[in-house]
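S.K.: Questions regarding the structure given below will be posed in turn.
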Amino acid sequence: MADITIRNALIIDGTGTAPFEGDIAIEQGQIVAVGEVEKSKIEIDANGLVVSPGFIDTHSHDDGAFFRHPGMEFKLAQGVTSVVSGNCGFSAIPIEPGVDPSKISGGILSGVKGEFTDLDGYFSAVEERKPAINNIMLVGHNSVRTLVMGHEKRAPTALELSKMKSYVQKNLDQGACGFSTGLIYTPGKYSLTDEVIELASIAGSCDALYTTHMRNEGDHLLDAIDEALLIGREGEVHVHISHHKSAGKANWGKINLSLEKIDAALAKGQRVTLDVYPYTAGSGRMAEYFNLDNINKALAEVIRIASCPAFRQYEGKSTVDIAEDENLDVTQVIYKILTAPEGKKTLCIHFIIDEADIETNLKHKDMMWALMAYPIFEVFRIHVYLALFLASWDTMLEKKEFCLYLRP
Ligand SMILES: [Zn+2]
């Protein structure tokens with residue numbers, strides 16, 4: 001007799017077949033039968049509900065969340081049973097003894113403890129906490145570059161490049177699924193395309209991915225797409241473009257042109273995939289988005305503060321509201337925060353994306369949905385949409401993981 005039976009569910013099994021009604025039997029944590037099944041010890045009626053394999057969040061920054069919240073409830077509540085961490089060039093590994101992980105990554109990797117140096121060590125440290133979900137890791141360019149050459153605004157020497165390569169190679173050998181860049185961020189923005197090609201080609205030779213938060217997602221989106229595709233061709237590596245978007249009102253609609261470029265590359269046989277998050281805001285370290293000598297007012301007006309060690313009272317508030325409360329111009333609010341002690345650790349959410357662009361993205365056949373709902377969202381409880389990673393459902397099914405969803 002099975003341990004659990006889920007009855008009368010609408011089953012979407014992830015193989016691409018149409019949804020069908022049926023029962024699912026589970027024994028010792030594994031699915032043992034689908035279809036008509038006998039009575040078991042625990043019966044769950046799922047009439048009106050959908051059962052599917054757990055979702056994979058292809059774009060997360062959960063490297064540190066596995067230490068802070070090993071139960072990963074904020075992911076499980078959205079049906080996510082696996083995440084890809086180490087995105088946008090920021091990964092918990094590699095690290096060296098005595099180096100403060102927060103210096104490498106700012107707030108993005110908060111929670112990461114300095115008890116390991118490589119991926120093997122990271123996974124052991126995470127497993128000790130008995131994580132509730134799976135973690136698939138990327139090795140990040142910004143982490144590697146900071147470790148080798150700090151935040152130097154120049155190309156690496158031959159010796160530095162070879163050190164960076166050996167870090168990337170080692171972590172790929174230990175099971176990282178790819179190499180990620182965040183070329184909009186410090187210090188990735190100081191790197192030339194050639195450096196990235198050299199490092200991404202290591203991922204190519206391991207049949208791993210090159211994932212990128214591109215150098216620009218607004219005024220120069222199309223140049224950034226060209227660069228990403230060039231890196232893929234020259235490095236002979238599958239390119240995955242992270243959170244594809246046209247940022248800023250002046251650029252809305254431009255994703256139609258970038259998708260054309262991607263379609264042309266796909267037609268020529270290049271391996272390219274993308275992901276999109278299904279909401280109209282992005283998030284990250286506020287310091288990365290502003291030049292204090294010339295603060296972009298249009299951007300300053302669409303910001304909400306997520307985490308702000310310098311002014312905890314601002315957390316959850318919009319910069320427009322803070323400006324009104326304190327009788328300041330919105331650009332002065334940005335200046336005040338970023339010049340305060342610890343101000344550069346501020347994480348913000350910026351509402352810069354057009355809903356119509358999200359719909360266009362979601363219709364693209366090589367688009368995956370990513371959530372990027374990491375714990376900063378808990379600060380003021382933004383409800384992010386449930387996201388699906390359709391392309392990987394068959395893998396999930398192989399692992400016989402499942403979760404139960406309420407259908408509205
Ligand atoms: Zn990113």
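Chain labels follow the order of the structure tokens: the first chain is A, the next B, and so on; residue numbering restarts at 1 in every chain, and ligands are counted from 1 in their shown order.
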For the helix (DSSP H, G or I) assignment from backbone DSSP, which residues of segment 12-234 of chain A qualify? Please present them as number ranges by chain.
M.R.: A: 65-68, 73-76, 101-109, 119-128, 141-149, 158-173, 188-190, 193-205, 221-234
S.K.: Kindly compile the residues surrounding ligand 1 within 10 Å, counting only C-alpha atoms and all ligand atoms, and format them as a compact mmCIF listing (two decimals) with N, CA and C atoms, in the first residue's frame.
M.R.:
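Written output follows (out.txt):
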```
# COMPACT_ATOMS: atom_id res chain seq x y z
N HIS A 59 16.65 31.89 -12.33
CA HIS A 59 17.45 33.08 -12.01
C HIS A 59 17.25 33.45 -10.56
N SER A 60 18.17 33.03 -9.72
CA SER A 60 18.04 33.42 -8.32
C SER A 60 19.38 33.95 -7.81
N HIS A 61 19.30 34.61 -6.66
CA HIS A 61 20.50 35.03 -5.93
C HIS A 61 20.39 34.41 -4.54
N ASN A 87 23.91 34.01 -10.08
CA ASN A 87 23.63 34.77 -11.30
C ASN A 87 24.25 36.16 -11.29
N CYS A 88 24.24 36.78 -12.45
CA CYS A 88 24.66 38.18 -12.64
C CYS A 88 26.12 38.40 -12.23
N GLY A 89 26.92 37.34 -12.30
CA GLY A 89 28.35 37.48 -11.99
C GLY A 89 28.68 37.37 -10.53
N PHE A 90 27.66 37.28 -9.66
CA PHE A 90 27.92 37.20 -8.22
C PHE A 90 27.63 35.80 -7.70
N SER A 180 28.65 32.90 -15.06
CA SER A 180 27.73 34.03 -15.20
C SER A 180 28.48 35.35 -15.20
N THR A 181 27.94 36.33 -15.92
CA THR A 181 28.50 37.69 -15.82
C THR A 181 27.41 38.66 -15.43
N GLY A 182 27.86 39.78 -14.84
CA GLY A 182 27.00 40.93 -14.59
C GLY A 182 27.79 42.13 -15.09
N LEU A 183 27.70 42.37 -16.40
CA LEU A 183 28.60 43.35 -17.02
C LEU A 183 28.14 44.79 -16.82
N ILE A 184 27.03 44.94 -16.12
CA ILE A 184 26.54 46.28 -15.77
C ILE A 184 27.08 46.68 -14.40
N TYR A 185 27.58 45.68 -13.68
CA TYR A 185 27.98 45.88 -12.28
C TYR A 185 29.48 46.04 -12.13
N THR A 211 25.83 32.50 -18.84
CA THR A 211 24.63 33.30 -18.56
C THR A 211 25.06 34.73 -18.30
N THR A 212 24.27 35.67 -18.77
CA THR A 212 24.71 37.06 -18.64
C THR A 212 23.60 38.05 -18.28
N HIS A 213 23.89 38.85 -17.26
CA HIS A 213 23.19 40.11 -17.06
C HIS A 213 24.01 41.07 -17.92
N MET A 214 23.44 41.48 -19.03
CA MET A 214 24.22 42.15 -20.07
C MET A 214 24.73 43.53 -19.65
N ILE A 241 20.56 34.56 -21.83
CA ILE A 241 20.41 35.98 -21.48
C ILE A 241 19.45 36.10 -20.30
N SER A 242 19.96 36.71 -19.23
CA SER A 242 19.17 36.81 -17.99
C SER A 242 18.21 37.98 -18.06
N HIS A 243 17.07 37.77 -17.45
CA HIS A 243 16.02 38.80 -17.30
C HIS A 243 15.99 39.81 -18.46
N HIS A 244 15.68 39.28 -19.63
CA HIS A 244 15.63 40.10 -20.85
C HIS A 244 14.58 41.21 -20.71
N GLY A 282 12.81 45.77 -11.52
CA GLY A 282 14.07 45.06 -11.31
C GLY A 282 14.55 45.40 -9.92
N SER A 283 15.65 44.79 -9.50
CA SER A 283 16.18 45.14 -8.18
C SER A 283 17.67 44.89 -8.12
N GLY A 284 18.31 45.53 -7.19
CA GLY A 284 19.75 45.34 -7.01
C GLY A 284 20.31 46.43 -6.11
N MET A 372 13.25 35.43 -9.41
CA MET A 372 14.08 36.42 -8.72
C MET A 372 13.41 36.98 -7.48
```
S.K.: For Lys363 of chain A, which of A:His151, A:Pro278, A:Met72, A:Arg304 is the closest residue, counting only C-alpha atoms?
M.R.: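 Using only C-alpha atoms, the shortest distance to Lys363 of chain A belongs to A:Pro278.
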S.K.: Which one of A:Ser52, A:Ser143, A:Thr273, A:Ser205 sits closest to Glu96 of chain A if you count only C-alpha atoms?
M.R.: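 Closest to Glu96 of chain A, using only C-alpha atoms: A:Ser143.
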S.K.: If I take atom CA of Ile303 of chain A and atom CA of Ile322 of chain A, how far is one from the other in Å, to one decimal?
M.R.: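 Calculated distance between atom CA of Ile303 of chain A and atom CA of Ile322 of chain A is 10.6 Å.
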S.K.: From the list A:Glu128, A:Glu152, A:Asp263, A:Asp62, which residue is nearest Lys365 of chain A when using only C-alpha atoms?
M.R.: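 Nearest candidate to Lys365 of chain A out of A:Glu128, A:Glu152, A:Asp263, A:Asp62: A:Asp263.
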S.K.: Quick one: pick out all strand (DSSP E) residues within segment 48-122 of chain A from a backbone DSSP run and write them as a ChimeraX atom specification.
M.R.: /A:50-52,55-57,80-85
S.K.: Please identify all polymer residues within 10 Å of segment 159-176 of chain A, counting only C-alpha atoms, omitting same-chain residues fewer than 6 positions from it, and present them as a PyMOL selection string.
M.R.: chain A and resi 84-86+93-95+117-121+123+136-141+143-149+195+198-203+205-209
S.K.: Quick one: residues within 10 Å of Ala300 of chain A, only C-alpha atoms counted, chain neighbours fewer than 3 positions away excluded, as a PDB file with N, CA and C atoms, in the first residue's frame?
M.R.:
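Written output follows (part-v4.pdb):
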```pdb
ATOM      1  N   MET A 286      21.562  49.823  -5.082  1.00  0.00           N
ATOM      2  CA  MET A 286      21.210  51.139  -5.622  1.00  0.00           C
ATOM      3  C   MET A 286      22.429  51.876  -6.165  1.00  0.00           C
ATOM      4  N   TYR A 289      23.292  51.916  -9.897  1.00  0.00           N
ATOM      5  CA  TYR A 289      22.420  52.504 -10.919  1.00  0.00           C
ATOM      6  C   TYR A 289      22.557  54.025 -11.042  1.00  0.00           C
ATOM      7  N   PHE A 290      23.330  54.648 -10.145  1.00  0.00           N
ATOM      8  CA  PHE A 290      23.395  56.111 -10.167  1.00  0.00           C
ATOM      9  C   PHE A 290      24.824  56.641 -10.215  1.00  0.00           C
ATOM     10  N   ILE A 295      22.633  62.637 -11.184  1.00  0.00           N
ATOM     11  CA  ILE A 295      21.632  61.628 -10.809  1.00  0.00           C
ATOM     12  C   ILE A 295      20.460  61.632 -11.799  1.00  0.00           C
ATOM     13  N   ASN A 296      20.156  60.466 -12.329  1.00  0.00           N
ATOM     14  CA  ASN A 296      19.092  60.303 -13.317  1.00  0.00           C
ATOM     15  C   ASN A 296      17.729  60.445 -12.606  1.00  0.00           C
ATOM     16  N   LYS A 297      17.060  61.578 -12.868  1.00  0.00           N
ATOM     17  CA  LYS A 297      15.829  61.880 -12.129  1.00  0.00           C
ATOM     18  C   LYS A 297      14.696  60.911 -12.491  1.00  0.00           C
ATOM     19  N   ILE A 303      11.776  54.437  -7.838  1.00  0.00           N
ATOM     20  CA  ILE A 303      12.487  53.530  -6.927  1.00  0.00           C
ATOM     21  C   ILE A 303      11.753  53.337  -5.614  1.00  0.00           C
ATOM     22  N   ARG A 304      11.800  52.099  -5.138  1.00  0.00           N
ATOM     23  CA  ARG A 304      11.305  51.784  -3.805  1.00  0.00           C
ATOM     24  C   ARG A 304      12.478  51.147  -3.049  1.00  0.00           C
ATOM     25  N   SER A 318       8.750  54.446  -1.087  1.00  0.00           N
ATOM     26  CA  SER A 318       9.219  54.921  -2.391  1.00  0.00           C
ATOM     27  C   SER A 318      10.048  56.184  -2.176  1.00  0.00           C
ATOM     28  N   THR A 319      10.969  56.440  -3.095  1.00  0.00           N
ATOM     29  CA  THR A 319      11.807  57.638  -2.973  1.00  0.00           C
ATOM     30  C   THR A 319      10.948  58.901  -3.111  1.00  0.00           C
ATOM     31  N   VAL A 320       9.873  58.801  -3.889  1.00  0.00           N
ATOM     32  CA  VAL A 320       8.981  59.957  -4.055  1.00  0.00           C
ATOM     33  C   VAL A 320       8.332  60.301  -2.704  1.00  0.00           C
ATOM     34  N   ASP A 329      14.170  67.133  -2.946  1.00  0.00           N
ATOM     35  CA  ASP A 329      13.974  66.671  -4.317  1.00  0.00           C
ATOM     36  C   ASP A 329      14.330  65.185  -4.331  1.00  0.00           C
ATOM     37  N   VAL A 330      13.712  64.441  -5.237  1.00  0.00           N
ATOM     38  CA  VAL A 330      13.941  62.996  -5.241  1.00  0.00           C
ATOM     39  C   VAL A 330      15.421  62.659  -5.504  1.00  0.00           C
ATOM     40  N   THR A 331      16.107  63.493  -6.268  1.00  0.00           N
ATOM     41  CA  THR A 331      17.541  63.230  -6.518  1.00  0.00           C
ATOM     42  C   THR A 331      18.356  63.455  -5.234  1.00  0.00           C
ATOM     43  N   GLN A 332      17.867  64.373  -4.385  1.00  0.00           N
ATOM     44  CA  GLN A 332      18.570  64.603  -3.101  1.00  0.00           C
ATOM     45  C   GLN A 332      18.413  63.399  -2.168  1.00  0.00           C
ATOM     46  N   VAL A 333      17.284  62.717  -2.299  1.00  0.00           N
ATOM     47  CA  VAL A 333      17.071  61.509  -1.482  1.00  0.00           C
ATOM     48  C   VAL A 333      18.105  60.449  -1.880  1.00  0.00           C
ATOM     49  N   ILE A 334      18.281  60.257  -3.187  1.00  0.00           N
ATOM     50  CA  ILE A 334      19.263  59.281  -3.670  1.00  0.00           C
ATOM     51  C   ILE A 334      20.653  59.659  -3.155  1.00  0.00           C
ATOM     52  N   HIS A 350      13.369  48.959  -8.714  1.00  0.00           N
ATOM     53  CA  HIS A 350      13.069  50.055  -9.636  1.00  0.00           C
ATOM     54  C   HIS A 350      12.049  49.591 -10.668  1.00  0.00           C
TER      55      HIS A 350
END
```
S.K.: Could you check the closest approach to Val276 of chain A for each of A:Glu115, A:Glu359, A:Glu73, A:Glu38 and tell me which residue wins, using only C-alpha atoms?
M.R.: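 Ranked by minimum distance to Val276 of chain A, first place goes to A:Glu359.
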S.K.: Rank nothing, just name the residue among A:Ile352, A:Gly22, A:His69, A:Ala250 nearest to Lys130 of chain A, using only C-alpha atoms.
M.R.: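 Between A:Ile352, A:Gly22, A:His69, A:Ala250, the residue approaching Lys130 of chain A most closely is A:His69.
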